[in-house]
>>> print(open('my_file_14.cif').read())   # mmCIF, C-alpha atoms, pLDDT in the B column; chains and numbers go by the auth columns
data_my_file
#
loop_
_atom_site.group_PDB
_atom_site.id
_atom_site.type_symbol
_atom_site.label_atom_id
_atom_site.label_comp_id
_atom_site.label_asym_id
_atom_site.label_seq_id
_atom_site.Cartn_x
_atom_site.Cartn_y
_atom_site.Cartn_z
_atom_site.B_iso_or_equiv
_atom_site.auth_seq_id
_atom_site.auth_asym_id
ATOM 1 C CA MET A 1 141.423 16.323 88.953 49.00 1398 E
ATOM 2 C CA ALA A 2 142.613 19.933 88.798 66.00 1399 E
ATOM 3 C CA ARG A 3 146.318 19.338 88.405 84.00 1400 E
ATOM 4 C CA ILE A 4 147.070 22.383 86.257 92.00 1401 E
ATOM 5 C CA LYS A 5 145.187 24.752 88.542 92.00 1402 E
ATOM 6 C CA THR A 6 146.965 23.391 91.600 92.00 1403 E
ATOM 7 C CA LEU A 7 150.436 23.570 90.074 94.00 1404 E
ATOM 8 C CA LEU A 8 149.949 27.086 88.753 94.00 1405 E
ATOM 9 C CA ALA A 9 148.512 28.244 92.075 93.00 1406 E
ATOM 10 C CA GLU A 10 151.726 26.996 93.678 93.00 1407 E
ATOM 11 C CA GLY A 11 153.798 28.962 91.155 93.00 1408 E
ATOM 12 C CA LYS A 12 155.130 25.826 89.500 95.00 1409 E
ATOM 13 C CA THR A 13 155.811 25.332 85.791 96.00 1410 E
ATOM 14 C CA VAL A 14 153.380 23.312 83.679 96.00 1411 E
ATOM 15 C CA ARG A 15 154.721 21.471 80.621 97.00 1412 E
ATOM 16 C CA MET A 16 152.183 20.372 78.026 97.00 1413 E
ATOM 17 C CA PHE A 17 152.435 17.971 75.112 96.00 1414 E
ATOM 18 C CA GLY A 18 150.403 19.118 72.128 96.00 1415 E
ATOM 19 C CA LEU A 19 148.410 16.678 70.060 94.00 1416 E
ATOM 20 C CA GLY A 20 146.188 17.474 67.104 92.00 1417 E
ATOM 21 C CA GLN A 21 147.632 16.332 63.796 91.00 1418 E
ATOM 22 C CA LEU A 22 148.501 12.722 64.590 92.00 1419 E
ATOM 23 C CA PHE A 23 145.964 11.397 67.042 91.00 1420 E
ATOM 24 C CA SER A 24 146.673 8.074 68.705 93.00 1421 E
ATOM 25 C CA SER A 25 145.867 6.980 72.231 94.00 1422 E
ATOM 26 C CA LYS A 26 149.098 4.963 72.104 95.00 1423 E
ATOM 27 C CA LEU A 27 151.058 8.138 71.416 95.00 1424 E
ATOM 28 C CA ILE A 28 149.567 9.618 74.589 96.00 1425 E
ATOM 29 C CA GLU A 29 150.635 6.485 76.465 96.00 1426 E
ATOM 30 C CA VAL A 30 154.174 6.860 75.094 96.00 1427 E
ATOM 31 C CA VAL A 31 154.266 10.470 76.294 95.00 1428 E
ATOM 32 C CA GLY A 32 152.973 9.321 79.660 96.00 1429 E
ATOM 33 C CA GLU A 33 155.636 6.632 79.932 96.00 1430 E
ATOM 34 C CA HIS A 34 158.351 9.222 79.291 95.00 1431 E
ATOM 35 C CA GLY A 35 156.982 11.279 82.173 91.00 1432 E
ATOM 36 C CA GLU A 36 157.711 14.914 83.074 92.00 1433 E
ATOM 37 C CA PHE A 37 154.737 16.349 81.210 95.00 1434 E
ATOM 38 C CA GLU A 38 151.943 17.554 83.454 95.00 1435 E
ATOM 39 C CA ALA A 39 149.233 18.064 80.871 96.00 1436 E
ATOM 40 C CA LEU A 40 148.001 17.224 77.402 96.00 1437 E
ATOM 41 C CA TRP A 41 147.037 19.953 74.911 96.00 1438 E
ATOM 42 C CA LEU A 42 144.289 18.656 72.583 96.00 1439 E
ATOM 43 C CA ASP A 43 144.102 20.979 69.608 94.00 1440 E
ATOM 44 C CA ARG A 44 140.674 21.300 68.044 94.00 1441 E
ATOM 45 C CA GLU A 45 141.448 24.689 66.515 91.00 1442 E
ATOM 46 C CA HIS A 46 144.188 23.714 64.084 90.00 1443 E
ATOM 47 C CA GLY A 47 143.926 19.933 64.415 86.00 1444 E
ATOM 48 C CA GLY A 48 141.300 17.494 63.208 83.00 1445 E
ATOM 49 C CA LEU A 49 140.345 15.903 66.511 92.00 1446 E
ATOM 50 C CA THR A 50 136.827 14.510 66.654 92.00 1447 E
ATOM 51 C CA MET A 51 134.638 14.188 69.708 93.00 1448 E
ATOM 52 C CA ARG A 52 135.521 10.487 69.843 94.00 1449 E
ATOM 53 C CA ASP A 53 139.227 11.348 69.672 95.00 1450 E
ATOM 54 C CA VAL A 54 138.834 13.668 72.660 95.00 1451 E
ATOM 55 C CA GLU A 55 137.089 10.964 74.664 96.00 1452 E
ATOM 56 C CA LEU A 56 139.836 8.413 73.945 96.00 1453 E
ATOM 57 C CA ALA A 57 142.535 10.992 74.646 96.00 1454 E
ATOM 58 C CA VAL A 58 140.990 11.812 78.012 96.00 1455 E
ATOM 59 C CA ILE A 59 140.958 8.135 79.003 96.00 1456 E
ATOM 60 C CA ALA A 60 144.597 7.643 78.000 96.00 1457 E
ATOM 61 C CA ALA A 61 145.750 10.897 79.594 95.00 1458 E
ATOM 62 C CA ARG A 62 144.032 10.271 82.907 93.00 1459 E
ATOM 63 C CA GLY A 63 145.759 6.915 83.154 93.00 1460 E
ATOM 64 C CA TYR A 64 149.109 8.726 83.315 94.00 1461 E
ATOM 65 C CA GLY A 65 148.068 11.667 85.466 93.00 1462 E
ATOM 66 C CA LEU A 66 148.079 14.061 82.520 95.00 1463 E
ATOM 67 C CA ASP A 67 145.502 16.829 82.763 95.00 1464 E
ATOM 68 C CA PRO A 68 143.732 16.946 79.354 95.00 1465 E
ATOM 69 C CA ILE A 69 142.920 20.470 78.185 96.00 1466 E
ATOM 70 C CA VAL A 70 141.123 21.151 74.901 96.00 1467 E
ATOM 71 C CA ARG A 71 142.075 24.205 72.829 95.00 1468 E
ATOM 72 C CA LEU A 72 138.928 25.312 71.034 94.00 1469 E
ATOM 73 C CA PRO A 73 138.406 27.474 67.965 88.00 1470 E
ATOM 74 C CA ALA A 74 136.137 30.508 68.160 83.00 1471 E
ATOM 75 C CA THR A 75 133.299 28.538 69.610 83.00 1472 E
ATOM 76 C CA ASP A 76 129.826 28.142 71.054 92.00 1473 E
ATOM 77 C CA TYR A 77 128.159 26.827 74.174 95.00 1474 E
ATOM 78 C CA ALA A 78 127.562 23.290 72.888 94.00 1475 E
ATOM 79 C CA THR A 79 131.226 22.756 72.023 94.00 1476 E
ATOM 80 C CA VAL A 80 132.404 23.916 75.450 96.00 1477 E
ATOM 81 C CA MET A 81 129.872 21.709 77.214 95.00 1478 E
ATOM 82 C CA GLN A 82 130.722 18.617 75.157 95.00 1479 E
ATOM 83 C CA MET A 83 134.447 18.858 75.880 96.00 1480 E
ATOM 84 C CA LEU A 84 133.835 19.082 79.606 96.00 1481 E
ATOM 85 C CA GLU A 85 131.289 16.258 79.608 96.00 1482 E
ATOM 86 C CA ALA A 86 133.854 14.108 77.790 95.00 1483 E
ATOM 87 C CA GLY A 87 136.094 14.524 80.822 94.00 1484 E
ATOM 88 C CA ALA A 88 138.492 17.266 79.733 95.00 1485 E
ATOM 89 C CA GLY A 89 139.998 19.127 82.661 94.00 1486 E
ATOM 90 C CA GLY A 90 139.252 22.404 80.972 96.00 1487 E
ATOM 91 C CA ILE A 91 139.322 24.512 77.843 97.00 1488 E
ATOM 92 C CA ILE A 92 141.432 27.189 76.240 97.00 1489 E
ATOM 93 C CA VAL A 93 139.388 29.413 73.958 97.00 1490 E
ATOM 94 C CA SER A 94 141.052 30.970 70.930 95.00 1491 E
ATOM 95 C CA MET A 95 140.203 34.079 68.898 94.00 1492 E
ATOM 96 C CA VAL A 96 138.545 35.847 71.806 96.00 1493 E
ATOM 97 C CA GLY A 97 137.933 39.442 70.804 95.00 1494 E
ATOM 98 C CA SER A 98 136.878 41.165 74.012 97.00 1495 E
ATOM 99 C CA ALA A 99 136.364 40.887 77.759 98.00 1496 E
ATOM 100 C CA ALA A 100 132.665 40.287 77.095 98.00 1497 E
ATOM 101 C CA GLU A 101 133.502 37.248 74.957 97.00 1498 E
ATOM 102 C CA ALA A 102 135.866 35.945 77.631 98.00 1499 E
ATOM 103 C CA GLU A 103 133.152 36.306 80.266 98.00 1500 E
ATOM 104 C CA GLN A 104 130.743 34.401 78.021 97.00 1501 E
ATOM 105 C CA ALA A 105 133.225 31.537 77.688 97.00 1502 E
ATOM 106 C CA VAL A 106 133.485 31.311 81.472 98.00 1503 E
ATOM 107 C CA ARG A 107 129.709 31.250 81.822 98.00 1504 E
ATOM 108 C CA TRP A 108 129.442 28.438 79.270 97.00 1505 E
ATOM 109 C CA ALA A 109 131.958 26.397 81.264 97.00 1506 E
ATOM 110 C CA LYS A 110 130.439 26.911 84.715 98.00 1507 E
ATOM 111 C CA PHE A 111 127.221 25.782 86.321 97.00 1508 E
ATOM 112 C CA ALA A 112 124.939 28.176 88.210 97.00 1509 E
ATOM 113 C CA PRO A 113 125.317 30.397 90.076 96.00 1510 E
ATOM 114 C CA ARG A 114 128.522 31.401 88.243 97.00 1511 E
ATOM 115 C CA GLY A 115 127.459 30.340 84.793 97.00 1512 E
ATOM 116 C CA SER A 116 124.760 28.911 82.578 96.00 1513 E
ATOM 117 C CA ARG A 117 126.102 25.473 81.691 96.00 1514 E
ATOM 118 C CA GLY A 118 123.392 22.848 81.318 95.00 1515 E
ATOM 119 C CA LEU A 119 123.441 20.228 84.036 95.00 1516 E
ATOM 120 C CA ASN A 120 123.751 16.528 83.253 93.00 1517 E
ATOM 121 C CA GLY A 121 125.747 14.471 85.698 93.00 1518 E
ATOM 122 C CA SER A 122 125.577 11.214 83.755 94.00 1519 E
ATOM 123 C CA ASN A 123 128.695 11.763 81.647 95.00 1520 E
ATOM 124 C CA ARG A 124 132.373 11.096 82.369 94.00 1521 E
ATOM 125 C CA ASP A 125 132.815 14.356 84.299 95.00 1522 E
ATOM 126 C CA GLY A 126 130.103 13.256 86.762 95.00 1523 E
ATOM 127 C CA ARG A 127 131.385 9.671 86.962 94.00 1524 E
ATOM 128 C CA PHE A 128 128.468 8.587 84.779 96.00 1525 E
ATOM 129 C CA GLY A 129 125.897 9.592 87.352 95.00 1526 E
ATOM 130 C CA LEU A 130 127.611 8.125 90.401 96.00 1527 E
ATOM 131 C CA ASP A 131 128.363 11.525 91.922 95.00 1528 E
ATOM 132 C CA PRO A 132 125.413 13.245 93.613 96.00 1529 E
ATOM 133 C CA LEU A 133 124.649 16.556 91.925 96.00 1530 E
ATOM 134 C CA THR A 134 125.162 18.335 95.240 96.00 1531 E
ATOM 135 C CA GLU A 135 128.802 17.195 95.103 96.00 1532 E
ATOM 136 C CA PHE A 136 129.371 17.224 91.348 96.00 1533 E
ATOM 137 C CA VAL A 137 128.331 20.819 90.664 97.00 1534 E
ATOM 138 C CA PRO A 138 130.544 22.612 93.201 96.00 1535 E
ATOM 139 C CA ARG A 139 133.483 20.336 92.380 96.00 1536 E
ATOM 140 C CA ALA A 140 133.138 20.958 88.637 96.00 1537 E
ATOM 141 C CA ASN A 141 132.861 24.701 89.143 96.00 1538 E
ATOM 142 C CA ALA A 142 135.950 24.719 91.320 95.00 1539 E
ATOM 143 C CA GLU A 143 138.106 22.424 89.182 95.00 1540 E
ATOM 144 C CA THR A 144 137.186 23.259 85.575 96.00 1541 E
ATOM 145 C CA PHE A 145 140.048 25.169 83.989 96.00 1542 E
ATOM 146 C CA VAL A 146 139.320 28.099 81.670 97.00 1543 E
ATOM 147 C CA GLY A 147 142.072 29.718 79.628 98.00 1544 E
ATOM 148 C CA ILE A 148 141.608 32.662 77.278 98.00 1545 E
ATOM 149 C CA GLN A 149 143.934 33.214 74.339 97.00 1546 E
ATOM 150 C CA ILE A 150 145.286 36.696 73.767 97.00 1547 E
ATOM 151 C CA GLU A 151 145.947 36.880 70.046 94.00 1548 E
ATOM 152 C CA THR A 152 143.506 39.400 68.583 95.00 1549 E
ATOM 153 C CA ALA A 153 143.642 43.185 68.569 95.00 1550 E
ATOM 154 C CA GLY A 154 140.509 43.319 70.705 96.00 1551 E
ATOM 155 C CA ALA A 155 141.827 40.902 73.310 97.00 1552 E
ATOM 156 C CA LEU A 156 145.126 42.758 73.578 97.00 1553 E
ATOM 157 C CA GLU A 157 143.295 46.068 73.952 97.00 1554 E
ATOM 158 C CA GLU A 158 141.204 44.655 76.815 98.00 1555 E
ATOM 159 C CA VAL A 159 143.792 42.305 78.297 98.00 1556 E
ATOM 160 C CA GLU A 160 143.647 43.944 81.741 98.00 1557 E
ATOM 161 C CA LYS A 161 139.872 43.497 81.852 98.00 1558 E
ATOM 162 C CA ILE A 162 140.130 39.888 80.679 98.00 1559 E
ATOM 163 C CA ALA A 163 142.762 39.025 83.270 98.00 1560 E
ATOM 164 C CA ALA A 164 140.537 40.458 86.002 98.00 1561 E
ATOM 165 C CA ILE A 165 137.502 38.306 85.127 98.00 1562 E
ATOM 166 C CA PRO A 166 136.711 35.881 87.971 97.00 1563 E
ATOM 167 C CA ASP A 167 137.297 32.232 86.996 97.00 1564 E
ATOM 168 C CA VAL A 168 139.528 33.049 84.052 98.00 1565 E
ATOM 169 C CA ASP A 169 142.369 30.833 85.219 97.00 1566 E
ATOM 170 C CA LEU A 170 145.020 31.677 82.634 98.00 1567 E
ATOM 171 C CA LEU A 171 145.794 33.966 79.736 98.00 1568 E
ATOM 172 C CA PHE A 172 147.421 32.127 76.864 98.00 1569 E
ATOM 173 C CA VAL A 173 149.483 33.876 74.232 96.00 1570 E
ATOM 174 C CA GLY A 174 149.163 32.805 70.625 87.00 1571 E
ATOM 175 C CA PRO A 175 152.496 34.271 69.443 91.00 1572 E
ATOM 176 C CA VAL A 176 151.994 33.628 65.727 93.00 1573 E
ATOM 177 C CA ASP A 177 148.589 35.273 65.460 92.00 1574 E
ATOM 178 C CA LEU A 178 149.662 38.019 67.846 93.00 1575 E
ATOM 179 C CA SER A 179 152.604 38.856 65.591 95.00 1576 E
ATOM 180 C CA GLN A 180 150.224 38.886 62.628 95.00 1577 E
ATOM 181 C CA VAL A 181 147.835 41.280 64.357 94.00 1578 E
ATOM 182 C CA LEU A 182 150.750 43.558 65.200 96.00 1579 E
ATOM 183 C CA GLY A 183 151.836 43.646 61.561 96.00 1580 E
ATOM 184 C CA VAL A 184 155.120 41.806 62.076 97.00 1581 E
ATOM 185 C CA THR A 185 154.153 38.236 61.167 96.00 1582 E
ATOM 186 C CA GLY A 186 156.644 35.669 62.405 93.00 1583 E
ATOM 187 C CA GLN A 187 158.963 38.262 63.965 95.00 1584 E
ATOM 188 C CA PHE A 188 158.557 37.018 67.510 93.00 1585 E
ATOM 189 C CA GLU A 189 161.425 39.093 68.894 92.00 1586 E
ATOM 190 C CA HIS A 190 160.145 42.302 67.299 96.00 1587 E
ATOM 191 C CA PRO A 191 159.766 45.177 69.786 96.00 1588 E
ATOM 192 C CA LYS A 192 156.000 45.243 69.151 97.00 1589 E
ATOM 193 C CA CYS A 193 155.693 41.572 70.107 96.00 1590 E
ATOM 194 C CA LEU A 194 157.882 41.944 73.164 96.00 1591 E
ATOM 195 C CA ALA A 195 155.904 44.997 74.281 97.00 1592 E
ATOM 196 C CA ALA A 196 152.668 43.039 73.905 97.00 1593 E
ATOM 197 C CA LEU A 197 154.092 40.175 75.972 97.00 1594 E
ATOM 198 C CA GLU A 198 155.137 42.615 78.662 97.00 1595 E
ATOM 199 C CA ARG A 199 151.647 44.110 78.756 98.00 1596 E
ATOM 200 C CA ILE A 200 150.095 40.645 79.073 98.00 1597 E
ATOM 201 C CA ALA A 201 152.576 39.709 81.800 98.00 1598 E
ATOM 202 C CA GLN A 202 151.806 42.876 83.754 98.00 1599 E
ATOM 203 C CA ALA A 203 148.044 42.362 83.390 98.00 1600 E
ATOM 204 C CA CYS A 204 148.373 38.844 84.778 98.00 1601 E
ATOM 205 C CA LYS A 205 150.610 39.986 87.616 97.00 1602 E
ATOM 206 C CA ALA A 206 148.124 42.677 88.607 98.00 1603 E
ATOM 207 C CA ALA A 207 145.249 40.192 88.557 98.00 1604 E
ATOM 208 C CA GLY A 208 147.210 37.418 90.265 97.00 1605 E
ATOM 209 C CA LYS A 209 146.779 35.135 87.266 97.00 1606 E
ATOM 210 C CA PRO A 210 149.296 32.911 85.445 97.00 1607 E
ATOM 211 C CA TRP A 211 149.911 32.975 81.716 98.00 1608 E
ATOM 212 C CA GLY A 212 151.123 30.517 79.115 98.00 1609 E
ATOM 213 C CA ILE A 213 152.533 30.341 75.616 97.00 1610 E
ATOM 214 C CA VAL A 214 153.755 28.167 72.756 94.00 1611 E
ATOM 215 C CA PRO A 215 157.488 28.978 73.011 94.00 1612 E
ATOM 216 C CA GLN A 216 159.391 29.700 69.819 90.00 1613 E
ATOM 217 C CA GLY A 217 162.544 27.884 70.914 92.00 1614 E
ATOM 218 C CA PRO A 218 164.468 27.383 74.181 94.00 1615 E
ATOM 219 C CA GLU A 219 165.919 30.904 74.378 95.00 1616 E
ATOM 220 C CA TYR A 220 162.448 32.366 73.829 94.00 1617 E
ATOM 221 C CA ALA A 221 161.070 30.073 76.546 95.00 1618 E
ATOM 222 C CA ASP A 222 163.740 31.284 78.981 96.00 1619 E
ATOM 223 C CA ARG A 223 162.889 34.888 78.125 95.00 1620 E
ATOM 224 C CA VAL A 224 159.155 34.540 78.807 96.00 1621 E
ATOM 225 C CA PHE A 225 159.790 32.423 81.907 97.00 1622 E
ATOM 226 C CA ALA A 226 161.736 35.371 83.302 97.00 1623 E
ATOM 227 C CA MET A 227 158.696 37.527 82.503 96.00 1624 E
ATOM 228 C CA GLY A 228 156.481 35.273 84.622 96.00 1625 E
ATOM 229 C CA CYS A 229 155.145 32.746 82.108 97.00 1626 E
ATOM 230 C CA ARG A 230 154.538 29.388 83.763 97.00 1627 E
ATOM 231 C CA LEU A 231 152.643 27.215 81.267 97.00 1628 E
ATOM 232 C CA PHE A 232 154.376 25.994 78.122 97.00 1629 E
ATOM 233 C CA VAL A 233 153.101 23.863 75.261 96.00 1630 E
ATOM 234 C CA ILE A 234 156.625 22.644 74.806 94.00 1631 E
ATOM 235 C CA ALA A 235 156.177 19.763 72.359 93.00 1632 E
ATOM 236 C CA PHE A 236 153.810 18.943 69.490 93.00 1633 E
ATOM 237 C CA ASP A 237 153.115 15.610 67.840 94.00 1634 E
ATOM 238 C CA ILE A 238 154.087 16.684 64.332 93.00 1635 E
ATOM 239 C CA ARG A 239 157.249 18.471 65.470 93.00 1636 E
ATOM 240 C CA CYS A 240 158.353 15.428 67.433 95.00 1637 E
ATOM 241 C CA VAL A 241 157.906 13.275 64.332 95.00 1638 E
ATOM 242 C CA HIS A 242 160.018 15.703 62.288 96.00 1639 E
ATOM 243 C CA ALA A 243 162.683 15.755 65.002 95.00 1640 E
ATOM 244 C CA GLY A 244 162.688 11.969 65.223 95.00 1641 E
ATOM 245 C CA ILE A 245 163.040 11.537 61.468 94.00 1642 E
ATOM 246 C CA GLN A 246 165.847 14.084 61.341 94.00 1643 E
ATOM 247 C CA ALA A 247 167.617 12.425 64.280 95.00 1644 E
ATOM 248 C CA THR A 248 167.389 9.060 62.527 94.00 1645 E
ATOM 249 C CA LYS A 249 168.804 10.513 59.299 93.00 1646 E
ATOM 250 C CA THR A 250 171.632 12.068 61.284 93.00 1647 E
ATOM 251 C CA ARG A 251 172.356 8.834 63.116 93.00 1648 E
ATOM 252 C CA TYR A 252 172.523 6.905 59.865 94.00 1649 E
ATOM 253 C CA GLY A 253 174.153 9.743 58.015 91.00 1650 E
ATOM 254 C CA SER A 254 176.103 7.580 55.552 89.00 1651 E
ATOM 255 C CA PHE A 255 172.812 6.285 54.128 91.00 1652 E
ATOM 256 C CA PHE A 256 171.400 9.745 53.538 90.00 1653 E
ATOM 257 C CA LYS A 257 174.313 11.592 51.997 78.00 1654 E
ATOM 258 C CA PRO A 258 173.598 13.229 48.641 71.00 1655 E
ATOM 259 C CA ALA A 259 174.576 11.062 45.691 58.00 1656 E
#
>>> encode(input="my_file_14.cif", output="structure tokens")
Amino acid sequence: MARIKTLLAEGKTVRMFGLGQLFSSKLIEVVGEHGEFEALWLDREHGGLTMRDVELAVIAARGYGLDPIVRLPATDYATVMQMLEAGAGGIIVSMVGSAAEAEQAVRWAKFAPRGSRGLNGSNRDGRFGLDPLTEFVPRANAETFVGIQIETAGALEEVEKIAAIPDVDLLFVGPVDLSQVLGVTGQFEHPKCLAALERIAQACKAAGKPWGIVPQGPEYADRVFAMGCRLFVIAFDIRCVHAGIQATKTRYGSFFKPA
């Protein structure tokens, strides 16, 4: 299933639910029952998700048509391979420092002739060996989603080269780390941050690639949407818990008034 790739290719907006702090397959089912999210963001960079968690998340997500994408920390070949063999629809690689590192990530995620991923069709991605390798390999190469985060000084400096790499499907902005690199930590509307976003947007437009972001509020989301952003990690598990607790306290306000 390559739902994200298809939607983005059609110019449609992709809404992701982020999960990393509070893993539960039932939570994924709840999100699925609510509908209107196209994909699930599984955070292994800042979250504590285990390999087993990813496998269970993939099963739950697939049941609701959610495309499960794993956000990885600065990583290695084995980690990329394991996420894909667990059935993830793709990866987003963080802390990429150059076009060369982005190209390496693509090669780790793709089988020959495009890449160097080791071939084993007996895992979830190959339907546990039911798919002939002659069908599995080209399908996996075509459908596996690879996103590259632009959040380091090196990645921003080479963003045009990264966007132009074949089989890089998306550039993803890490706004917090990007603001830190630019010396204006947390000032997401600072001219330096906005200029960086514009450069990323133009690089993607020139390369015919989409880009995504963790929006810093609805007005910010509208701003970057107008700039061409089409993938949004628009909700996170921990933030939804905070919002739910606050909504409950507001609803039962008389019980929570200061003494």
>>> closest_residue(input="my_file_14.cif", among="E:Val1428, E:Ser1495, E:Met1478, E:Lys1558", to="Asn1520 (chain E)", atoms="all atoms listed in the file")
E:Met1478
>>> atom_distance(input="my_file_14.cif", atom1="CA of Val1490 (chain E)", atom2="CA of Asp1473 (chain E)")
10.1 Å
>>> resolve_selection(input="my_file_14.cif", expression="the PyMOL selection byres ((chain E and resi 1404) around 12)", output="PyMOL selection string")
chain E and resi 1398-1403+1405-1412+1435-1436+1464+1566+1607+1627-1628
>>> axis_aligned_box(input="my_file_14.cif", around="region 1411-1415 of chain E", padding_each_side="8 Å", output="lines of an AutoDock Vina configuration file")
center_x = 152.6
center_y = 20.6
center_z = 77.9
size_x = 20.3
size_y = 21.3
size_z = 27.6
>>> closest_residue(input="my_file_14.cif", among="E:Ile1631, E:Met1492, E:Leu1419, E:Ile1610", to="Val1578 (chain E)", atoms="all atoms listed in the file")
E:Met1492
>>> atom_distance(input="my_file_14.cif", atom1="CA of Asp1574 (chain E)", atom2="CA of Cys1637 (chain E)")
22.2 Å
>>> resolve_selection(input="my_file_14.cif", expression="the PyMOL selection byres ((chain E and resi 1597-1605) around 6)", output="PDB file with C-alpha atoms, in the frame of the given file")
ATOM      1  CA  GLU E1557     143.647  43.944  81.741  1.00 98.00           C
ATOM      2  CA  ALA E1560     142.762  39.025  83.270  1.00 98.00           C
ATOM      3  CA  ALA E1561     140.537  40.458  86.002  1.00 98.00           C
ATOM      4  CA  LEU E1594     154.092  40.175  75.972  1.00 97.00           C
ATOM      5  CA  GLU E1595     155.137  42.615  78.662  1.00 97.00           C
ATOM      6  CA  ARG E1596     151.647  44.110  78.756  1.00 98.00           C
ATOM      7  CA  LYS E1606     146.779  35.135  87.266  1.00 97.00           C
TER       8      LYS E1606
END
>>> atom_distance(input="my_file_14.cif", atom1="CA of Glu1554 (chain E)", atom2="CA of Leu1469 (chain E)")
21.4 Å
>>> resolve_selection(input="my_file_14.cif", expression="the PyMOL selection byres ((chain E and resi 1519) around 12)", output="short mmCIF file (atom, residue, chain, number, x, y, z; two decimals) with C-alpha atoms, in the coordinates of the input")
data_model
loop_
_atom_site.label_atom_id
_atom_site.label_comp_id
_atom_site.auth_asym_id
_atom_site.auth_seq_id
_atom_site.Cartn_x
_atom_site.Cartn_y
_atom_site.Cartn_z
CA GLU E 1482 131.29 16.26 79.61
CA ALA E 1483 133.85 14.11 77.79
CA GLY E 1484 136.09 14.52 80.82
CA LEU E 1516 123.44 20.23 84.04
CA ASN E 1517 123.75 16.53 83.25
CA GLY E 1518 125.75 14.47 85.70
CA ASN E 1520 128.70 11.76 81.65
CA ARG E 1521 132.37 11.10 82.37
CA ASP E 1522 132.82 14.36 84.30
CA GLY E 1523 130.10 13.26 86.76
CA ARG E 1524 131.38 9.67 86.96
CA PHE E 1525 128.47 8.59 84.78
CA GLY E 1526 125.90 9.59 87.35
CA LEU E 1527 127.61 8.12 90.40
CA ASP E 1528 128.36 11.52 91.92
CA PRO E 1529 125.41 13.24 93.61
CA LEU E 1530 124.65 16.56 91.92
CA PHE E 1533 129.37 17.22 91.35
#
>>> residues_around(input="my_file_14.cif", residues="region 1547-1551 of chain E", least_positions_apart="5", cutoff="8 Å", atoms="only C-alpha atoms", output="ChimeraX atom specification")
/E:1491-1495,1556,1568-1572,1574-1575,1578-1579
>>> closest_residue(input="my_file_14.cif", among="E:Cys1626, E:Ala1644, E:Val1573, E:Ala1485", to="Arg1459 (chain E)", atoms="only C-alpha atoms")
E:Ala1485
>>> decode(input="my_file_14.cif", residues="region 1444-1487 of chain E", atoms="C-alpha atoms", output="mmCIF file, in the first residue's frame")
data_model
loop_
_atom_site.group_PDB
_atom_site.id
_atom_site.type_symbol
_atom_site.label_atom_id
_atom_site.label_comp_id
_atom_site.auth_asym_id
_atom_site.auth_seq_id
_atom_site.Cartn_x
_atom_site.Cartn_y
_atom_site.Cartn_z
ATOM 1 C CA GLY E 1444 9.786 8.308 21.369
ATOM 2 C CA GLY E 1445 10.529 4.974 22.991
ATOM 3 C CA LEU E 1446 8.950 2.660 20.441
ATOM 4 C CA THR E 1447 10.446 -0.815 20.294
ATOM 5 C CA MET E 1448 10.596 -3.095 17.294
ATOM 6 C CA ARG E 1449 7.640 -5.023 18.721
ATOM 7 C CA ASP E 1450 5.695 -1.773 19.125
ATOM 8 C CA VAL E 1451 6.278 -0.959 15.456
ATOM 9 C CA GLU E 1452 5.040 -4.380 14.390
ATOM 10 C CA LEU E 1453 1.840 -4.057 16.446
ATOM 11 C CA ALA E 1454 1.325 -0.491 15.243
ATOM 12 C CA VAL E 1455 1.624 -1.584 11.623
ATOM 13 C CA ILE E 1456 -1.012 -4.287 12.119
ATOM 14 C CA ALA E 1457 -3.439 -1.873 13.786
ATOM 15 C CA ALA E 1458 -2.810 0.908 11.271
ATOM 16 C CA ARG E 1459 -3.270 -1.288 8.225
ATOM 17 C CA GLY E 1460 -6.634 -2.399 9.548
ATOM 18 C CA TYR E 1461 -7.870 1.192 9.232
ATOM 19 C CA GLY E 1462 -6.140 2.110 5.988
ATOM 20 C CA LEU E 1463 -3.547 4.244 7.760
ATOM 21 C CA ASP E 1464 -0.150 4.267 6.082
ATOM 22 C CA PRO E 1465 2.425 3.655 8.867
ATOM 23 C CA ILE E 1466 5.613 5.683 8.461
ATOM 24 C CA VAL E 1467 8.510 5.417 10.914
ATOM 25 C CA ARG E 1468 10.535 8.525 11.785
ATOM 26 C CA LEU E 1469 14.062 7.345 12.508
ATOM 27 C CA PRO E 1470 16.921 8.962 14.398
ATOM 28 C CA ALA E 1471 20.291 9.394 12.710
ATOM 29 C CA THR E 1472 20.469 5.791 11.699
ATOM 30 C CA ASP E 1473 22.062 2.815 9.995
ATOM 31 C CA TYR E 1474 21.212 0.214 7.394
ATOM 32 C CA ALA E 1475 19.911 -2.417 9.823
ATOM 33 C CA THR E 1476 17.389 -0.037 11.385
ATOM 34 C CA VAL E 1477 16.007 1.027 8.003
ATOM 35 C CA MET E 1478 15.709 -2.574 6.844
ATOM 36 C CA GLN E 1479 13.980 -3.747 10.030
ATOM 37 C CA MET E 1480 11.299 -1.056 9.860
ATOM 38 C CA LEU E 1481 10.452 -1.954 6.283
ATOM 39 C CA GLU E 1482 10.445 -5.694 6.963
ATOM 40 C CA ALA E 1483 8.035 -5.044 9.839
ATOM 41 C CA GLY E 1484 5.611 -3.670 7.266
ATOM 42 C CA ALA E 1485 6.079 0.090 7.585
ATOM 43 C CA GLY E 1486 5.095 1.949 4.441
ATOM 44 C CA GLY E 1487 8.281 3.941 4.614
#
